[in-house]
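J.: The structure follows.
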Amino acid sequence: MSILEARGLTKTYHVGSEKVVGVSDATLALEAGSFTVLAGPSGSGKTTLLNLLGVLDQPDSGTLLFEGCDVSGFGERARARLRREKLGFVFQAYQLVPVLSAEENVALALWIRGLPEEECASRACMALAAVGLAGLEDRRPDALSGGQRQRVAVARALVGEPVLILADEPTASLDSETSKHLLDLFEELHRARGVAFLFSSHDPRIVERAERRISLQDGRVVADDRAATGARP
Amino acid sequence: MSRWVRLAARNLRRHARRTFLTGSIVVVGFVAVTMTSGFVSQTFSSLKAATIRGTGGHLRLLDPRAAGKTDDEAAILLLDDWQGLAAIVKKDPRVVQAMPKLSFFGLVAKGEKSAAYIGTGTIPALEKNASLASDTVVSGTFLSNPDADEVMLGSGLARALGAKTGDLVTVMATTPDGALNAVDASVDAVLSYPIKEIDDRLLFLPYAVASKLLRSEGKANTLVVLLKDDADVDATARDLSRSLEAKGRPVVVKTWLETAAFYKQVKLLYIAIFFFMGLVLSTVVILAAANTMTMSVFERTREIGTLLAIGMERGQIRTVFLLEGVLLGVVGSAVGAAASFVLRLILNASGIMLPPPPGGTRGNVLHVDFIPLAYGLGFAIMSLTLLIAAWWPARRAARLNPVEALGHV
């Protein structure tokens, strides 16, 4: 069953007087519990497509269905609600709030839902434990290593129990060893919780591990390959 | 809400130096509001005291025919049997004294020199006790003999006549029936009245002499009543009016405030200055705080993008920034209140002498009143000002495009 289905998504930008195609006529479907990577060189439209699929941005044309519901015409509030309740985000530069502790950064994703303080705190602690950061709840981002910060970001994406986590170049700021551990964590969470992951990356380690690789070039989907990937069982 | 307050507080602490600078402006603004209020309050009190002493009392009792008439029209109407009226009035325990006043004008001459005057016939002992005339004696002694042919002149009038204490002058006036009358009186004192226009025409005579000059014995233009407490003015005025009417002696009772046009004008002017100053101050605080908040929004653009990406409502983003502004206003006001309180104690203990208020004769030791309302108002103004200052940056933050904000460098 598809959780996300894109039909002919197109997004163009204007840079000065020049028209730049970000994504052109992208059509794809993501299944529940999938582990997919959007691959391609820089400027191929990976992040743009990820933003469209994560309802952070609106396409110029095309349709986006989320769990069978057309969300292309959703307004600001409905899209915010969809992101809050169904999606999780992991960014390249962690994007943690520097004045909040690890626990609070994770709880933030629940605060915005208006959940009670105690529930937010206990669920945040559980999410941190799930990413291997138990005992570091009170640390602020500046007291954590890059890998630990990215794990906090993963916990934040995870804590709301989303059906899909979108990760934009999640290993780009990490060294090889830390990247490997993070990818292990993604796979473990994917297997244990059945949450779907959609990465945008040109990191070969992610591409190798993904169950499905959607290749982009100049904003177009040029390949959608399941068999050729080195997906682990 | 507490979690957002916590977040706002930490964001303020994150840029401690900037928060300190903007907070200092709030503190200074708060101190300015409360200290100015306290100082203006003291000035109003001094001006009020000077105004009451200027007329010699809190209440003026006029002939009932003066009702609805202008001051000039009422000035020619005389009360009969002021002694009988004073006897009734003095029975009220709130009354200190009741003093008749005869107002007249004419010419005063010394040798070949003469000048127009505005005269007052009064009971010397009562006048000395109640009015500011006793504070203005620059030479000689204040009238003491209620029946002596003695006169006090304003220094401007004395100069015009070339008169000094001990000199004999001739005071001429027109009686109510139109006859010309005169009395020779020796100059007992020269007064220096703070308002030049009055000082150039000022003349005091004992009531007995003035009433003889005007052939108005037992009559007075007004009976001036001095009260023990300023707070009793309205109630006493109301009670006296009723009780005198009940006793068959109806009068028009006017409070000092009803006849104090100068006091009202000065008060209005001070309030206007205070308001204008507050407006300038608020503008400065708004601009400074808005600048700080705008910088904060700019620096936290990516953070805002993240918050929007994870599903934070635009309204929640706006609330966080508005809370930062209000929090800065509240904390700044609290520090300002403490600073204001300490500064007030220091100034009040300093013993600095201030010049007399407009129309007054005596300066006062600087005393900044404690006005709880001003502190409350200070809190409200500063919090509101910071809220206004934060509004635009908060709006800007809430309207950011999440994709553009995430890509902000």
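In the structure tokens, each chain is lettered A, B, ... as it comes, each chain's residues begin at 1, and ligands are numbered from 1 in order of appearance.
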Would you kindly report the residues of chain B within 7 Å of chain A, using only C-alpha atoms, as a ChimeraX atom specification?
T.: /B:10-11,14,303,306,309-313,402-403
J.: Can you list, as a PyMOL selection string, every protein, DNA or RNA residue that comes within 7 Å of Ala405 of chain B when you count only C-alpha atoms, leaving out same-chain residues fewer than 6 positions away?
T.: chain B and resi 301-302+304-305
J.: Which polymer residues have any atom within 8 Å of an atom of Ala237 of chain B, counting only C-alpha atoms, with same-chain residues fewer than 5 positions away left out, as a list in words?
T.: Leu59, Val253, Lys254 and Thr255 of chain B
J.: Keeping only all heavy atoms, write the selected residues to a file as an mmCIF file, in the first residue's frame.
T.:
data_model
loop_
_atom_site.group_PDB
_atom_site.id
_atom_site.type_symbol
_atom_site.label_atom_id
_atom_site.label_comp_id
_atom_site.auth_asym_id
_atom_site.auth_seq_id
_atom_site.Cartn_x
_atom_site.Cartn_y
_atom_site.Cartn_z
ATOM 1 N N LEU B 59 -11.918 77.207 50.581
ATOM 2 C CA LEU B 59 -13.270 77.505 50.106
ATOM 3 C C LEU B 59 -13.506 79.001 50.085
ATOM 4 O O LEU B 59 -12.967 79.738 50.924
ATOM 5 C CB LEU B 59 -14.305 76.842 51.026
ATOM 6 C CG LEU B 59 -14.212 75.326 51.207
ATOM 7 C CD1 LEU B 59 -15.220 74.862 52.253
ATOM 8 C CD2 LEU B 59 -14.454 74.617 49.887
ATOM 9 N N VAL B 253 -20.831 78.427 47.485
ATOM 10 C CA VAL B 253 -19.539 77.923 47.966
ATOM 11 C C VAL B 253 -18.716 77.461 46.767
ATOM 12 O O VAL B 253 -19.158 76.619 45.986
ATOM 13 C CB VAL B 253 -19.731 76.747 48.955
ATOM 14 C CG1 VAL B 253 -18.373 76.255 49.469
ATOM 15 C CG2 VAL B 253 -20.617 77.166 50.112
ATOM 16 N N LYS B 254 -17.544 78.053 46.640
ATOM 17 C CA LYS B 254 -16.657 77.639 45.544
ATOM 18 C C LYS B 254 -15.391 77.045 46.132
ATOM 19 O O LYS B 254 -14.815 77.612 47.070
ATOM 20 C CB LYS B 254 -16.300 78.834 44.658
ATOM 21 C CG LYS B 254 -17.475 79.296 43.809
ATOM 22 C CD LYS B 254 -17.014 80.151 42.653
ATOM 23 C CE LYS B 254 -18.185 80.439 41.714
ATOM 24 N NZ LYS B 254 -17.796 81.194 40.547
ATOM 25 N N THR B 255 -14.974 75.911 45.587
ATOM 26 C CA THR B 255 -13.727 75.300 46.062
ATOM 27 C C THR B 255 -12.545 75.999 45.406
ATOM 28 O O THR B 255 -12.703 76.676 44.381
ATOM 29 C CB THR B 255 -13.668 73.802 45.708
ATOM 30 O OG1 THR B 255 -13.619 73.680 44.290
ATOM 31 C CG2 THR B 255 -14.877 73.050 46.245
#
J.: Within 8 Å of Arg318 of chain B, counting only C-alpha atoms, which residues show up once you throw out same-chain ones fewer than 4 positions away? Write them as a VMD selection string, please.
T.: chain B and resid 314 322 394 to 395 397 to 398
J.: If you run DSSP on the backbone here, which positions in segment 15-204 of chain A get alpha helix (DSSP H)? Please write them as a PyMOL selection string.
T.: chain A and resi 46-53+76-86+102-111+117-130+146-158+176-193+204
J.: Identify which of the residues A:Val159, A:Asp60, A:Arg205, A:Arg7 lies closest to Ser122 of chain A, counting only C-alpha atoms when measuring atom-to-atom distances.
T.: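 Of the candidates, the smallest distance to Ser122 of chain A is held by A:Val159.
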J.: From the set B:Met172, B:Ala49, B:Val27, B:Val330, which residue has the shortest atom-to-atom contact distance to Asp229 of chain B, counting only C-alpha atoms?
T.: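 Checking each candidate against Asp229 of chain B, we get B:Ala49 as the closest.
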J.: One decimal, Å: what's the distance from atom CA of Phe44 of chain B over to atom CA of Leu347 of chain B, could you say?
T.: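 Atom CA of Leu347 of chain B lies at a distance of 18.1 Å from atom CA of Phe44 of chain B.
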J.: Could you work out how far atom CA of Ala109 of chain B lies from atom CA of Ala179 of chain B, giving the answer in Å with one decimal?
T.: 18.0 Å
J.: What's the 12 Å shell around Ala134 of chain A, counting only C-alpha atoms, without same-chain residues fewer than 3 positions away, as a PyMOL selection string?
T.: chain A and resi 102-103+122+124-131+137-139+148+151-152+155
J.: One number please: atom CA of Lys113 of chain B to atom CA of Val171 of chain B, in Å, one decimal.
T.: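 Rounded to one decimal, the two atoms are 12.1 Å apart.
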J.: Give me the residues near Thr259 of chain B as a PyMOL selection string, where near means some atom within 10 Å (using only C-alpha atoms) and where sequence neighbours in that chain fewer than 5 positions away do not count.
T.: chain B and resi 51+55+59-60+71+254+264
J.: Keeping only all heavy atoms, write the selected residues as a compact mmCIF listing (two decimals), in the first residue's frame.
T.:
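Output (selection39.txt):
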# COMPACT_ATOMS: atom_id res chain seq x y z
N THR B 51 -1.37 77.43 45.50
CA THR B 51 -2.63 77.99 45.01
C THR B 51 -3.59 78.23 46.17
O THR B 51 -4.25 79.27 46.25
CB THR B 51 -3.27 77.03 43.97
OG1 THR B 51 -2.32 76.75 42.97
CG2 THR B 51 -4.50 77.65 43.34
N THR B 55 -4.90 82.16 47.84
CA THR B 55 -6.20 82.77 48.15
C THR B 55 -6.47 82.75 49.65
O THR B 55 -7.44 83.33 50.10
CB THR B 55 -7.34 82.01 47.43
OG1 THR B 55 -7.21 80.62 47.73
CG2 THR B 55 -7.30 82.22 45.95
N LEU B 59 -11.92 77.21 50.58
CA LEU B 59 -13.27 77.51 50.11
C LEU B 59 -13.51 79.00 50.08
O LEU B 59 -12.97 79.74 50.92
CB LEU B 59 -14.30 76.84 51.03
CG LEU B 59 -14.21 75.33 51.21
CD1 LEU B 59 -15.22 74.86 52.25
CD2 LEU B 59 -14.45 74.62 49.89
N ARG B 60 -14.32 79.43 49.14
CA ARG B 60 -14.72 80.84 49.10
C ARG B 60 -16.23 80.87 49.17
O ARG B 60 -16.92 80.24 48.34
CB ARG B 60 -14.23 81.49 47.81
CG ARG B 60 -12.74 81.71 47.78
CD ARG B 60 -12.30 82.17 46.41
NE ARG B 60 -12.89 83.46 46.07
CZ ARG B 60 -13.08 83.89 44.83
NH1 ARG B 60 -12.75 83.11 43.82
NH2 ARG B 60 -13.62 85.07 44.60
N ASP B 71 -16.59 85.60 37.58
CA ASP B 71 -15.82 86.11 38.72
C ASP B 71 -15.90 87.64 38.78
O ASP B 71 -16.02 88.22 39.85
CB ASP B 71 -14.36 85.65 38.63
CG ASP B 71 -14.23 84.18 39.03
OD1 ASP B 71 -15.23 83.58 39.47
OD2 ASP B 71 -13.12 83.64 38.87
N LYS B 254 -17.54 78.05 46.64
CA LYS B 254 -16.66 77.64 45.54
C LYS B 254 -15.39 77.04 46.13
O LYS B 254 -14.81 77.61 47.07
CB LYS B 254 -16.30 78.83 44.66
CG LYS B 254 -17.47 79.30 43.81
CD LYS B 254 -17.01 80.15 42.65
CE LYS B 254 -18.18 80.44 41.71
NZ LYS B 254 -17.80 81.19 40.55
N LYS B 264 -4.95 74.86 37.00
CA LYS B 264 -5.42 73.91 35.98
C LYS B 264 -4.57 73.98 34.71
O LYS B 264 -4.24 72.96 34.11
CB LYS B 264 -6.88 74.19 35.64
CG LYS B 264 -7.85 73.79 36.74
CD LYS B 264 -9.26 74.15 36.30
CE LYS B 264 -10.22 74.14 37.48
NZ LYS B 264 -11.48 74.79 37.16
J.: Would you please work out which residue, of A:Glu18, A:Glu118, A:Glu67, A:Ala210, is nearest to Arg3 of chain B when using only C-alpha atoms?
T.: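 Counting only C-alpha atoms, the residue closest to Arg3 of chain B is A:Glu118.
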J.: I need the residue nearest Gly23 of chain B from this list: B:Ala334, B:Met353, B:Leu343, B:Leu373. Use only C-alpha atoms for the distance.
T.: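 Among the listed residues, B:Ala334 lies closest to Gly23 of chain B.
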J.: From a backbone DSSP assignment, name each residue in segment 113-333 of chain B labelled strand (DSSP E or B), as a ChimeraX atom specification.
T.: /B:113-122,137-140,150-154,168-174,180-191,202-206,220,222-227,252-255
J.: Just the residues within 6 Å of Gly8 of chain A, please, counting only C-alpha atoms, with nothing from its chain fewer than 5 positions along; format it as a ChimeraX atom specification.
T.: /A:25-27,62
J.: Let's have the selection written as a tab-separated table (two decimals), in the first residue's frame, with all heavy atoms.
T.:
chain	number	residue	atom	x	y	z
A	25	ASP	N	7.96	16.76	-13.74
A	25	ASP	CA	7.08	15.63	-14.01
A	25	ASP	C	7.47	14.37	-13.22
A	25	ASP	O	7.57	13.28	-13.77
A	25	ASP	CB	7.09	15.35	-15.52
A	25	ASP	CG	5.93	14.45	-15.93
A	25	ASP	OD1	4.92	14.45	-15.22
A	25	ASP	OD2	6.08	13.74	-16.93
A	26	ALA	N	7.68	14.54	-11.92
A	26	ALA	CA	8.10	13.41	-11.09
A	26	ALA	C	6.89	12.58	-10.68
A	26	ALA	O	5.95	13.11	-10.10
A	26	ALA	CB	8.83	13.90	-9.85
A	27	THR	N	6.96	11.33	-11.00
A	27	THR	CA	5.87	10.41	-10.63
A	27	THR	C	6.48	9.23	-9.90
A	27	THR	O	7.42	8.59	-10.39
A	27	THR	CB	5.11	9.94	-11.88
A	27	THR	OG1	4.52	11.08	-12.50
A	27	THR	CG2	4.02	8.93	-11.53
A	62	GLY	N	0.93	19.09	-10.74
A	62	GLY	CA	1.02	17.70	-10.30
A	62	GLY	C	0.20	17.46	-9.06
A	62	GLY	O	-0.34	18.41	-8.46
J.: Under the rule that only C-alpha atoms are counted, which of B:Ala133, B:Ala290, B:Ala115, B:Leu78 is the nearest residue to Ala50 of chain B?
T.: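 Result for the nearest residue to Ala50 of chain B: B:Ala133.
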J.: Between A:Pro116, A:Pro170, A:Pro41, A:Pro59, which residue has the minimum interatomic distance to Ile206 of chain A, considering only C-alpha atoms?
T.: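 Result for the nearest residue to Ile206 of chain A: A:Pro170.
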